[in-house]
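Q: Below is entry-v2.csv; it holds CSV, C-alpha atoms and all ligand atoms.
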chain,number,residue,atom,x,y,z
J,1,MET,CA,-10.1,-30.7,-14.9
J,2,ARG,CA,-12.3,-30.1,-18.0
J,3,CYS,CA,-14.4,-27.0,-18.2
J,4,SER,CA,-15.1,-25.1,-21.4
J,5,SER,CA,-15.1,-21.3,-21.8
J,6,SER,CA,-17.9,-19.2,-23.1
J,7,MET,CA,-15.7,-16.1,-23.0
J,8,ASN,CA,-16.9,-13.3,-25.3
J,9,SER,CA,-14.1,-12.8,-27.8
J,10,LYS,CA,-15.5,-9.4,-28.7
J,11,ASP,CA,-14.3,-7.9,-25.4
J,12,LYS,CA,-12.0,-4.9,-25.7
J,13,LYS,CA,-8.4,-6.0,-26.0
J,14,GLY,CA,-5.2,-4.8,-24.3
J,15,ILE,CA,-2.3,-3.8,-26.5
J,16,TYR,CA,1.3,-4.3,-25.4
J,17,VAL,CA,4.2,-2.6,-27.2
J,18,HIS,CA,7.7,-3.9,-26.4
J,19,ILE,CA,10.5,-1.3,-26.7
J,20,PRO,CA,13.8,-3.3,-26.4
J,21,PHE,CA,16.3,-0.5,-25.8
J,22,CYS,CA,18.1,0.6,-22.6
J,23,LYS,CA,20.9,3.0,-21.8
J,24,SER,CA,22.9,0.1,-20.2
J,25,LYS,CA,22.2,-3.4,-19.1
J,26,CYS,CA,21.3,-4.1,-15.5
J,27,HIS,CA,23.2,-7.1,-14.0
J,28,TYR,CA,20.1,-9.2,-13.2
J,29,CYS,CA,18.1,-8.4,-16.3
J,30,ASP,CA,17.0,-11.1,-18.8
J,31,PHE,CA,14.3,-9.0,-20.5
J,32,CYS,CA,14.7,-8.7,-24.2
J,33,SER,CA,16.7,-5.4,-24.3
J,34,VAL,CA,19.9,-4.1,-25.9
J,35,VAL,CA,22.0,-1.0,-25.8
J,36,PRO,CA,21.2,0.4,-29.3
J,37,SER,CA,23.6,1.6,-32.0
J,38,GLY,CA,23.2,3.2,-35.4
J,39,ASP,CA,19.7,3.7,-36.7
J,40,ILE,CA,18.2,0.6,-35.2
J,41,ILE,CA,15.7,2.5,-33.1
J,42,ASP,CA,14.0,4.1,-36.1
J,43,ARG,CA,14.1,0.8,-38.1
J,44,TYR,CA,12.5,-0.9,-35.1
J,45,VAL,CA,9.7,1.7,-34.8
J,46,ASP,CA,9.0,1.2,-38.6
J,47,ALA,CA,8.8,-2.6,-38.0
J,48,LEU,CA,6.4,-2.1,-35.0
J,49,LYS,CA,4.1,0.0,-37.2
J,50,ARG,CA,4.2,-2.6,-39.9
J,51,GLU,CA,3.3,-5.3,-37.4
J,52,ALA,CA,0.4,-3.2,-36.1
J,53,GLU,CA,-0.9,-2.8,-39.7
J,54,GLY,CA,-1.4,-6.6,-39.8
J,55,TYR,CA,-4.3,-6.1,-37.3
J,56,LYS,CA,-6.1,-3.6,-39.5
J,57,ARG,CA,-9.7,-4.6,-40.0
J,58,LYS,CA,-12.7,-3.1,-41.7
J,59,ASN,CA,-14.3,-3.0,-38.2
J,60,LYS,CA,-11.4,-1.9,-36.1
J,61,ILE,CA,-10.3,-4.1,-33.2
J,62,LYS,CA,-11.4,-2.4,-30.0
J,63,ALA,CA,-8.9,-1.8,-27.2
J,64,ASP,CA,-9.1,-0.1,-23.8
J,65,THR,CA,-5.5,-0.5,-22.5
J,66,VAL,CA,-2.2,0.2,-24.2
J,67,TYR,CA,1.1,-0.6,-22.3
J,68,PHE,CA,4.5,0.4,-23.5
J,69,GLY,CA,7.0,-1.9,-21.7
J,70,GLY,CA,10.6,-2.9,-22.2
J,71,GLY,CA,13.5,-2.4,-22.1
J,72,THR,CA,13.1,1.3,-21.4
J,73,PRO,CA,10.3,3.0,-23.5
J,74,SER,CA,11.3,6.4,-22.3
J,75,PHE,CA,14.8,5.9,-23.7
J,76,ILE,CA,13.5,6.3,-27.3
J,77,GLY,CA,12.0,9.7,-26.4
J,78,ALA,CA,8.5,11.3,-26.2
J,79,GLU,CA,8.3,12.0,-30.0
J,80,ARG,CA,8.7,8.4,-31.1
J,81,LEU,CA,6.4,7.1,-28.3
J,82,SER,CA,3.7,9.6,-29.4
J,83,ASP,CA,4.2,8.7,-33.0
J,84,ILE,CA,3.7,5.0,-32.3
J,85,LEU,CA,0.6,5.7,-30.2
J,86,LEU,CA,-0.8,7.8,-33.0
J,87,HIS,CA,-0.2,5.0,-35.4
J,88,LEU,CA,-2.0,2.5,-33.1
J,89,ARG,CA,-5.0,4.8,-33.0
J,90,LYS,CA,-5.2,4.6,-36.8
J,91,VAL,CA,-5.2,0.8,-36.7
J,92,PHE,CA,-7.2,0.1,-33.5
J,93,ASP,CA,-10.3,1.6,-32.0
J,94,ILE,CA,-8.8,2.8,-28.8
J,95,SER,CA,-11.4,3.9,-26.2
J,96,PRO,CA,-11.4,7.5,-25.2
J,97,ASP,CA,-11.0,6.4,-21.5
J,98,ALA,CA,-8.3,3.8,-22.3
J,99,GLU,CA,-5.5,3.4,-19.8
J,100,ILE,CA,-2.2,4.2,-21.7
J,101,THR,CA,1.0,3.4,-19.8
J,102,ALA,CA,4.7,4.1,-20.5
J,103,GLU,CA,7.4,2.5,-18.5
J,104,CYS,CA,10.1,5.1,-17.8
J,105,ASN,CA,13.5,5.2,-16.4
J,106,PRO,CA,14.4,8.3,-14.4
J,107,SER,CA,17.5,8.8,-16.4
J,108,SER,CA,15.6,9.3,-19.7
J,109,CYS,CA,12.5,11.4,-18.8
J,110,GLY,CA,13.8,14.9,-18.3
J,111,GLY,CA,12.9,18.2,-19.9
J,112,ASP,CA,9.3,18.3,-21.3
J,113,PHE,CA,9.2,14.5,-21.7
J,114,PHE,CA,6.1,14.1,-19.4
J,115,SER,CA,4.1,17.0,-20.8
J,116,ARG,CA,4.7,15.7,-24.4
J,117,LEU,CA,3.5,12.3,-23.3
J,118,ILE,CA,0.4,13.6,-21.7
J,119,ASP,CA,-0.4,15.8,-24.7
J,120,SER,CA,-0.4,12.7,-26.9
J,121,GLY,CA,-2.8,10.8,-24.6
J,122,PHE,CA,-0.6,8.8,-22.2
J,123,ASN,CA,-2.2,8.8,-18.7
J,124,ARG,CA,-0.1,6.3,-16.6
J,125,ILE,CA,3.6,6.1,-15.9
J,126,SER,CA,5.5,3.2,-14.4
J,127,LEU,CA,8.9,4.1,-13.0
J,128,GLY,CA,11.7,1.7,-12.1
J,129,LEU,CA,13.1,2.3,-8.6
J,130,GLN,CA,13.9,-1.2,-7.3
J,131,SER,CA,15.3,0.2,-4.1
J,132,ALA,CA,15.9,3.5,-2.4
J,133,ASP,CA,19.1,2.2,-0.7
J,134,PRO,CA,22.4,3.1,-2.5
J,135,ARG,CA,24.2,-0.1,-1.6
J,136,GLU,CA,21.3,-2.3,-2.9
J,137,ARG,CA,21.1,-0.2,-6.1
J,138,LYS,CA,24.8,-0.5,-6.8
J,139,ALA,CA,24.7,-4.2,-6.2
J,140,ILE,CA,22.2,-4.7,-9.1
J,141,GLY,CA,23.8,-2.2,-11.4
J,142,ARG,CA,21.4,0.7,-11.2
J,143,LEU,CA,23.2,3.8,-12.4
J,144,THR,CA,21.1,6.7,-11.1
J,145,ASP,CA,20.5,7.6,-7.5
J,146,ALA,CA,17.1,6.9,-6.0
J,147,ASP,CA,16.2,10.6,-5.7
J,148,ALA,CA,16.1,10.8,-9.5
J,149,ALA,CA,13.1,8.5,-9.4
J,150,LYS,CA,11.4,10.7,-6.8
J,151,GLN,CA,12.1,13.7,-8.9
J,152,ALA,CA,10.7,11.9,-12.0
J,153,ALA,CA,7.5,11.0,-10.1
J,154,LEU,CA,7.2,14.7,-9.0
J,155,ASN,CA,7.8,15.9,-12.6
J,156,ALA,CA,5.2,13.5,-14.0
J,157,LYS,CA,2.7,14.7,-11.5
J,158,LYS,CA,3.4,18.3,-12.3
J,159,ALA,CA,2.8,17.5,-16.0
J,160,GLY,CA,-0.6,16.2,-15.0
J,161,PHE,CA,-0.1,12.4,-14.5
J,162,ASN,CA,-2.1,11.2,-11.5
J,163,ASN,CA,-1.6,7.5,-12.0
J,164,ILE,CA,2.1,6.7,-11.3
J,165,SER,CA,3.6,3.3,-10.4
J,166,LEU,CA,7.0,2.6,-8.8
J,167,ASP,CA,8.7,-0.8,-9.0
J,168,LEU,CA,10.5,-2.3,-6.0
J,169,MET,CA,12.5,-5.5,-5.8
J,170,LEU,CA,12.6,-7.9,-2.8
J,171,GLY,CA,15.5,-10.2,-1.9
J,172,LEU,CA,18.3,-7.8,-3.1
J,173,PRO,CA,21.8,-8.0,-1.8
J,174,PHE,CA,22.1,-6.3,1.7
J,175,GLN,CA,18.3,-5.8,1.9
J,176,ASN,CA,16.7,-6.1,5.3
J,177,THR,CA,13.3,-5.0,6.7
J,178,GLU,CA,14.8,-1.7,7.8
J,179,SER,CA,16.1,-0.8,4.3
J,180,LEU,CA,12.9,-2.2,2.7
J,181,LYS,CA,10.8,0.0,5.1
J,182,ASN,CA,12.8,3.0,3.8
J,183,SER,CA,12.2,2.1,0.2
J,184,ILE,CA,8.4,1.8,0.9
J,185,ASP,CA,8.4,5.1,2.8
J,186,PHE,CA,10.2,6.6,-0.3
J,187,CYS,CA,7.4,5.4,-2.5
J,188,ALA,CA,4.7,6.8,-0.2
J,189,ASP,CA,6.5,10.1,0.1
J,190,ALA,CA,6.8,10.3,-3.7
J,191,GLY,CA,2.9,10.3,-3.8
J,192,VAL,CA,2.6,7.4,-6.2
J,193,THR,CA,-0.7,5.4,-6.6
J,194,HIS,CA,0.7,2.0,-7.4
J,195,VAL,CA,3.7,-0.1,-6.2
J,196,SER,CA,4.9,-3.4,-7.7
J,197,ALA,CA,7.2,-5.5,-5.6
J,198,TYR,CA,8.8,-8.5,-7.3
J,199,ILE,CA,11.2,-11.0,-5.8
J,200,LEU,CA,14.7,-10.9,-7.4
J,201,LYS,CA,15.4,-14.1,-9.4
J,202,ALA,CA,18.8,-15.1,-10.7
J,203,GLU,CA,18.1,-15.7,-14.4
J,204,GLU,CA,20.6,-17.9,-16.2
J,205,GLY,CA,22.8,-16.0,-18.6
J,206,THR,CA,22.8,-12.8,-16.7
J,207,PRO,CA,26.0,-11.4,-15.1
J,208,PHE,CA,24.2,-11.6,-11.7
J,209,TYR,CA,23.6,-15.3,-12.2
J,210,GLU,CA,27.3,-15.9,-13.2
J,211,LYS,CA,28.5,-14.0,-10.1
J,212,LEU,CA,26.1,-15.9,-7.9
J,213,SER,CA,27.4,-19.2,-9.3
J,214,ILE,CA,31.0,-18.2,-8.6
J,215,GLU,CA,30.7,-16.4,-5.3
J,216,GLY,CA,27.7,-17.9,-3.7
J,217,ALA,CA,24.7,-16.2,-2.0
J,218,LYS,CA,26.5,-15.5,1.3
J,219,LYS,CA,29.5,-13.6,-0.2
J,220,MET,CA,27.0,-11.5,-2.3
J,221,ASN,CA,25.1,-10.7,0.9
J,222,LEU,CA,21.9,-12.1,-0.5
J,223,PRO,CA,19.1,-12.8,2.0
J,224,ASP,CA,18.3,-16.5,2.3
J,225,GLU,CA,15.0,-18.0,1.4
J,226,ASP,CA,13.4,-17.5,4.9
J,227,ALA,CA,14.6,-13.9,5.0
J,228,VAL,CA,13.1,-13.3,1.5
J,229,CYS,CA,9.7,-14.7,2.8
J,230,ASP,CA,9.9,-12.3,5.7
J,231,LEU,CA,10.7,-9.4,3.4
J,232,TYR,CA,7.7,-10.3,1.3
J,233,LEU,CA,5.3,-10.5,4.2
J,234,PHE,CA,6.8,-7.3,5.7
J,235,ALA,CA,6.3,-5.5,2.3
J,236,ALA,CA,2.7,-6.7,2.0
J,237,GLU,CA,1.8,-5.5,5.6
J,238,TYR,CA,3.7,-2.2,5.5
J,239,LEU,CA,2.4,-1.2,2.1
J,240,GLN,CA,-1.1,-1.8,3.4
J,241,GLU,CA,-0.3,0.4,6.4
J,242,LYS,CA,0.8,3.1,3.9
J,243,GLY,CA,-2.6,2.8,2.0
J,244,PHE,CA,-1.6,0.5,-0.8
J,245,GLU,CA,-4.0,-2.5,-1.0
J,246,GLN,CA,-2.6,-5.7,-2.2
J,247,TYR,CA,-4.6,-6.8,-5.3
J,248,GLU,CA,-2.2,-9.3,-6.8
J,249,ILE,CA,0.8,-11.4,-5.5
J,250,SER,CA,3.2,-8.6,-6.4
J,251,ASN,CA,1.1,-5.5,-6.9
J,252,PHE,CA,-0.4,-3.0,-4.6
J,253,CYS,CA,-2.4,0.2,-5.2
J,254,LYS,CA,-4.3,3.1,-3.8
J,255,LYS,CA,-8.0,2.7,-4.2
J,256,GLY,CA,-9.1,2.7,-7.8
J,257,HIS,CA,-5.6,2.4,-9.3
J,258,ILE,CA,-5.1,-1.2,-10.3
J,259,SER,CA,-3.2,-1.7,-13.5
J,260,ARG,CA,-6.1,-2.2,-15.9
J,261,HIS,CA,-3.7,-3.6,-18.5
J,262,ASN,CA,-2.0,-6.1,-16.3
J,263,TYR,CA,-5.4,-7.1,-14.8
J,264,LYS,CA,-6.3,-8.4,-18.3
J,265,TYR,CA,-3.5,-10.9,-18.1
J,266,TRP,CA,-4.7,-12.2,-14.7
J,267,ASN,CA,-8.3,-12.3,-15.8
J,268,LEU,CA,-7.5,-14.3,-18.9
J,269,ASP,CA,-8.7,-11.5,-21.2
J,270,GLU,CA,-7.2,-11.2,-24.7
J,271,TYR,CA,-4.3,-8.9,-25.6
J,272,ILE,CA,-2.1,-8.2,-28.6
J,273,GLY,CA,1.6,-8.0,-28.2
J,274,LEU,CA,3.6,-5.9,-30.6
J,275,GLY,CA,7.4,-5.9,-30.9
J,276,VAL,CA,10.3,-8.3,-30.4
J,277,SER,CA,9.6,-11.1,-27.8
J,278,ALA,CA,6.0,-9.9,-27.3
J,279,HIS,CA,3.4,-12.5,-26.5
J,280,SER,CA,-0.2,-12.4,-27.6
J,281,PHE,CA,-3.5,-14.1,-26.7
J,282,PHE,CA,-5.8,-13.2,-29.5
J,283,GLU,CA,-8.9,-14.9,-31.0
J,284,GLY,CA,-8.4,-17.9,-28.6
J,285,LYS,CA,-4.8,-18.5,-29.7
J,286,ARG,CA,-1.5,-17.8,-28.0
J,287,PHE,CA,1.6,-16.8,-30.1
J,288,PHE,CA,4.8,-14.8,-29.6
J,289,ASN,CA,7.5,-12.9,-31.6
J,290,THR,CA,11.1,-13.8,-32.0
J,291,ARG,CA,13.6,-12.4,-29.4
J,292,ASP,CA,16.0,-11.5,-32.2
J,293,ILE,CA,15.7,-7.8,-33.0
J,294,ASP,CA,17.2,-8.1,-36.5
J,295,GLU,CA,14.9,-11.0,-37.4
J,296,TYR,CA,12.0,-9.0,-36.1
J,297,ILE,CA,12.9,-5.9,-38.2
J,298,LYS,CA,13.1,-8.2,-41.3
J,299,GLY,CA,9.5,-9.2,-40.6
J,300,SER,CA,9.7,-12.6,-39.0
J,301,LYS,CA,6.3,-14.2,-38.4
J,302,PRO,CA,4.9,-14.9,-34.9
J,303,ILE,CA,5.5,-18.3,-33.4
J,304,PRO,CA,2.3,-20.3,-32.5
J,305,ASP,CA,2.0,-21.2,-28.8
J,306,GLY,CA,-1.2,-23.3,-28.9
J,307,SER,CA,-4.7,-22.4,-27.9
J,308,GLY,CA,-5.3,-20.5,-24.7
J,309,GLY,CA,-8.2,-19.7,-22.4
J,310,ASP,CA,-9.0,-22.9,-20.7
J,311,PHE,CA,-10.1,-23.3,-17.1
J,312,GLU,CA,-6.6,-24.4,-15.8
J,313,GLU,CA,-5.1,-21.2,-17.1
J,314,TYR,CA,-8.0,-19.2,-15.6
J,315,LEU,CA,-7.6,-20.8,-12.2
J,316,MET,CA,-3.8,-20.3,-12.2
J,317,LEU,CA,-4.1,-16.6,-13.2
J,318,ARG,CA,-7.1,-15.7,-11.0
J,319,LEU,CA,-5.4,-17.1,-7.9
J,320,ARG,CA,-2.6,-14.6,-8.3
J,321,LEU,CA,-5.3,-11.9,-7.6
J,322,ALA,CA,-6.3,-11.1,-4.0
J,323,GLU,CA,-9.9,-11.4,-5.0
J,324,GLY,CA,-9.2,-15.0,-6.2
J,325,LEU,CA,-11.6,-17.3,-8.0
J,326,ILE,CA,-15.2,-16.0,-7.8
J,327,ARG,CA,-18.0,-18.4,-8.2
J,328,HIS,CA,-20.3,-16.1,-10.3
J,329,ASP,CA,-17.6,-15.1,-12.8
J,330,THR,CA,-16.3,-18.6,-13.1
J,331,GLU,CA,-19.7,-20.1,-13.8
J,332,ARG,CA,-20.5,-17.4,-16.3
J,333,ARG,CA,-17.3,-18.2,-18.3
J,334,PHE,CA,-16.9,-22.0,-17.8
J,335,GLY,CA,-20.4,-23.2,-16.8
J,336,LYS,CA,-21.6,-24.8,-13.6
J,337,GLY,CA,-19.4,-27.4,-11.8
J,338,CYS,CA,-15.8,-26.0,-12.2
J,339,PHE,CA,-15.9,-23.8,-9.1
J,340,GLU,CA,-17.5,-26.6,-7.1
J,341,LYS,CA,-14.7,-29.0,-8.0
J,342,VAL,CA,-12.0,-26.5,-6.9
J,343,LEU,CA,-14.0,-25.7,-3.7
J,344,ASP,CA,-14.0,-29.4,-2.8
J,345,LYS,CA,-10.2,-29.6,-3.2
J,346,ALA,CA,-9.7,-26.3,-1.3
J,347,LYS,CA,-11.5,-27.6,1.7
J,348,LYS,CA,-8.4,-29.5,2.8
J,349,TYR,CA,-6.8,-26.1,3.5
J,350,LYS,CA,-9.6,-25.1,6.0
J,351,GLY,CA,-8.0,-24.2,9.3
J,352,THR,CA,-4.7,-23.2,7.7
J,353,ASN,CA,-3.7,-19.6,7.1
J,354,LEU,CA,-3.1,-20.2,3.4
J,355,LEU,CA,-6.5,-19.9,1.7
J,356,ASN,CA,-9.7,-17.8,2.3
J,357,ILE,CA,-12.6,-20.1,1.4
J,358,SER,CA,-16.3,-19.3,1.2
J,359,GLU,CA,-19.2,-20.7,-0.9
J,360,ASP,CA,-18.6,-17.7,-3.3
J,361,SER,CA,-14.9,-17.3,-3.6
J,362,ILE,CA,-11.5,-18.9,-3.0
J,363,SER,CA,-8.4,-16.8,-2.6
J,364,LEU,CA,-4.9,-17.1,-1.3
J,365,THR,CA,-3.8,-15.2,1.8
J,366,LYS,CA,-0.5,-13.3,2.0
J,367,GLN,CA,1.1,-16.5,3.4
J,368,GLY,CA,-0.6,-18.5,0.7
J,369,PHE,CA,0.9,-16.3,-2.0
J,370,LEU,CA,4.4,-17.5,-0.8
J,371,VAL,CA,3.5,-21.1,-1.7
J,372,SER,CA,1.1,-20.3,-4.5
J,373,ASN,CA,2.7,-22.7,-7.0
J,374,THR,CA,2.1,-25.7,-4.8
J,375,ILE,CA,-1.4,-24.7,-3.9
J,376,ILE,CA,-2.4,-23.9,-7.5
J,377,ALA,CA,-1.0,-27.2,-8.7
J,378,GLU,CA,-3.1,-29.1,-6.1
J,379,LEU,CA,-6.3,-27.2,-6.9
J,380,SER,CA,-6.0,-27.7,-10.6
J,381,SER,CA,-5.0,-31.4,-10.6
B,401,LIG,S1,16.4,-0.9,-17.3
B,401,LIG,FE1,15.0,-2.7,-17.1
B,401,LIG,S2,14.9,-3.7,-19.1
B,401,LIG,FE2,16.7,-2.2,-19.1
B,401,LIG,S3,18.4,-3.5,-18.5
B,401,LIG,FE3,17.6,-2.6,-16.6
B,401,LIG,S4,16.1,-4.1,-15.8
B,401,LIG,FE4,16.6,-4.6,-18.0
Would you put the structure from the file into C-alpha cells?
A:
Amino acid sequence: MRCSSSMNSKDKKGIYVHIPFCKSKCHYCDFCSVVPSGDIIDRYVDALKREAEGYKRKNKIKADTVYFGGGTPSFIGAERLSDILLHLRKVFDISPDAEITAECNPSSCGGDFFSRLIDSGFNRISLGLQSADPRERKAIGRLTDADAAKQAALNAKKAGFNNISLDLMLGLPFQNTESLKNSIDFCADAGVTHVSAYILKAEEGTPFYEKLSIEGAKKMNLPDEDAVCDLYLFAAEYLQEKGFEQYEISNFCKKGHISRHNYKYWNLDEYIGLGVSAHSFFEGKRFFNTRDIDEYIKGSKPIPDGSGGDFEEYLMLRLRLAEGLIRHDTERRFGKGCFEKVLDKAKKYKGTNLLNISEDSISLTKQGFLVSNTIIAELSS
C-alpha cells in the first residue's frame, strides 16, 4: 500500500536513555542488561553523555518526553540519573512541561531516592511488579516481595510523584484469574495511575527458555494458550472496572495519564535513543546502537536500520492503540486515499467482534487485540 507522509519533522522528540544494569538477572529477561562490576557504570555514564553531545545543534533539538529505561535505572542511583538529565538539558531543549520517567526497581529506590529525583525534574515513575503472588514471583526469579513495590509506590507519592506506573505480566507459571485479580487489586490499592500488562514470552537464550525446552509448559505450571487469552481478556475487563482505561494493547491508565513517551512510538513520532541497544527514529531514519556494552563505551557508531515513517508502519502502530486509525489524522499525514483503502479491507470484519469500524476510525476490540498480528497483516497487504 503506497501512501507518502507529510509528517512535520520539526515536532518535539522523545528521548530514550538505556541504563543496562541490574542487581541480578531475572530468568525470563532478554533485555540488554548486566550485573555490573568495577567502574563500568561511571564509564557508561560518560559514554552516554558523549553520545548525547553528538546531537548538539546551534538551534537545540526540542524534546517533550525523556524516558530512562533498562535494565534498572534506579540501580545506578539518584545522583547519576540527575546528572545525566542535567546533561541532556544542556544538549536538548527540553520543554518545561516534559514528561520525564525513570523505571525503578523497589529494591533500589530507598532513602531519599524519590525526593532527589523529583528535585531534579523527574515527574513519572515506572515500577516493576510483575505479580503480587509470591509463587508466581519466585517462578520468574523476582527477588523482593510484592509489598516492597507497594511501599515504593507510596514513598514515590509521598515525595510528590503523582504519575506512577506498575508493570504486570500475564501468562506466568501458576497464574489464574484469581491470582491475577489479586495482582490488579494490589495495583489499585497502591494508588497508581497507570498499569502495563504484558504477556510473558519465552525468549531464546534466557534460563526460562532453557527450562521450558527441557521441562515443558505443563511441568512448569504455565497456562496454555487459551488460558493466556482468558487472562488477557480478564485483565482488560477488570482493570477497566478498577478505573484503568485501556489505551493500547498492553497499557491501561487513569484519565489523563497515558505514557506520553510511549505514545510517540505508537503514533510514529520521532525519538532519539541513547545508550547500548537503544533504537532511534530521527530525521526520517531508523538506526540502533550495539548491544555490546564495551563496544558502546569505546564509541561504536549507530547501525543504520533503513528509513522509517511509511504508512504501513503507521497503520501497524496505530492499531495497537485503542483509538486506532483515525481518518482525519491519517489524511493529514499521508494524504487522501489511504484511510479509504484500509476501510474497504476492514469491511470484511463487519459483524465480527474483532474490529470497531466507522467512516471516521478503525480500531481493534479487546478480542481483536488478541489476534492483532493477523488482522494488521490483512489490512496492510
Ligand atoms: S529487572 Fe528488568 S531488566 Fe533487569 S533482569 Fe529483571 S526483567 Fe531484566
Q: Quick one: residues within 9 Å of J:Lys211, all atoms listed in the file, excluding same-chain residues fewer than 5 positions away - as a ChimeraX atom specification?
A: /J:206,216,220
Q: Tell me which of J:Glu237, J:Glu270, J:Asp310, J:Asp167 sits closest to J:Cys104, counting only C-alpha atoms.
A: J:Asp167
Q: Would you mind telling me which residue in J:Ala98, J:Ala139, J:Cys32, J:Leu274 lies nearest to ligand LIG 401 (chain B) when using all atoms listed in the file?
A: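 Checking each of J:Ala98, J:Ala139, J:Cys32, J:Leu274 against ligand LIG 401 (chain B), counting all atoms listed in the file, the winner is J:Cys32.
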Q: Using all atoms listed in the file, find the one residue out of J:Met169, J:Ala146, J:Leu81, J:Leu343 that sits nearest to ligand LIG 401 (chain B).
A: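 Between J:Met169, J:Ala146, J:Leu81, J:Leu343, the residue approaching ligand LIG 401 (chain B) most closely is J:Met169.
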Q: Using Å and a single decimal, report how far atom CA of J:Asn262 sits from atom CA of J:Thr65.
A: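 Going from atom CA of J:Thr65 over to atom CA of J:Asn262, I get 9.1 Å.
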Q: Using all atoms listed in the file, which protein or nucleic acid residues come within 7 Å of stretch 58-63 of chain J? Drop anything in the same chain fewer than 4 positions from it, and give the result as a PyMOL selection string.
A: chain J and resi 12-15+91-95
Q: Find the distance between atom CA of J:Ile76 and atom CA of J:Ile184 and write it in Å to one decimal.
A: 29.0 Å
Q: Show me which residues are within 8 Å of ligand LIG 401 (chain B) counting all atoms listed in the file, and format the list as a PyMOL selection string.
A: chain J and resi 20-34+70-72+105+128+142
Q: Give me the residues near stretch 113-123 of chain J as a list in words, where near means some atom within 8 Å (using all atoms listed in the file) and where sequence neighbours in that chain fewer than 3 positions away do not count.
A: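 Non-adjacent residues within range: Gly77, Ala78, Glu79, Leu81, Ser82, Leu85, Leu86, Glu99, Ile100, Thr101, Ala102, Cys109, Gly110, Asn155, Ala156, Ala159, Gly160, Phe161, Asn162 and Asn163 of chain J.
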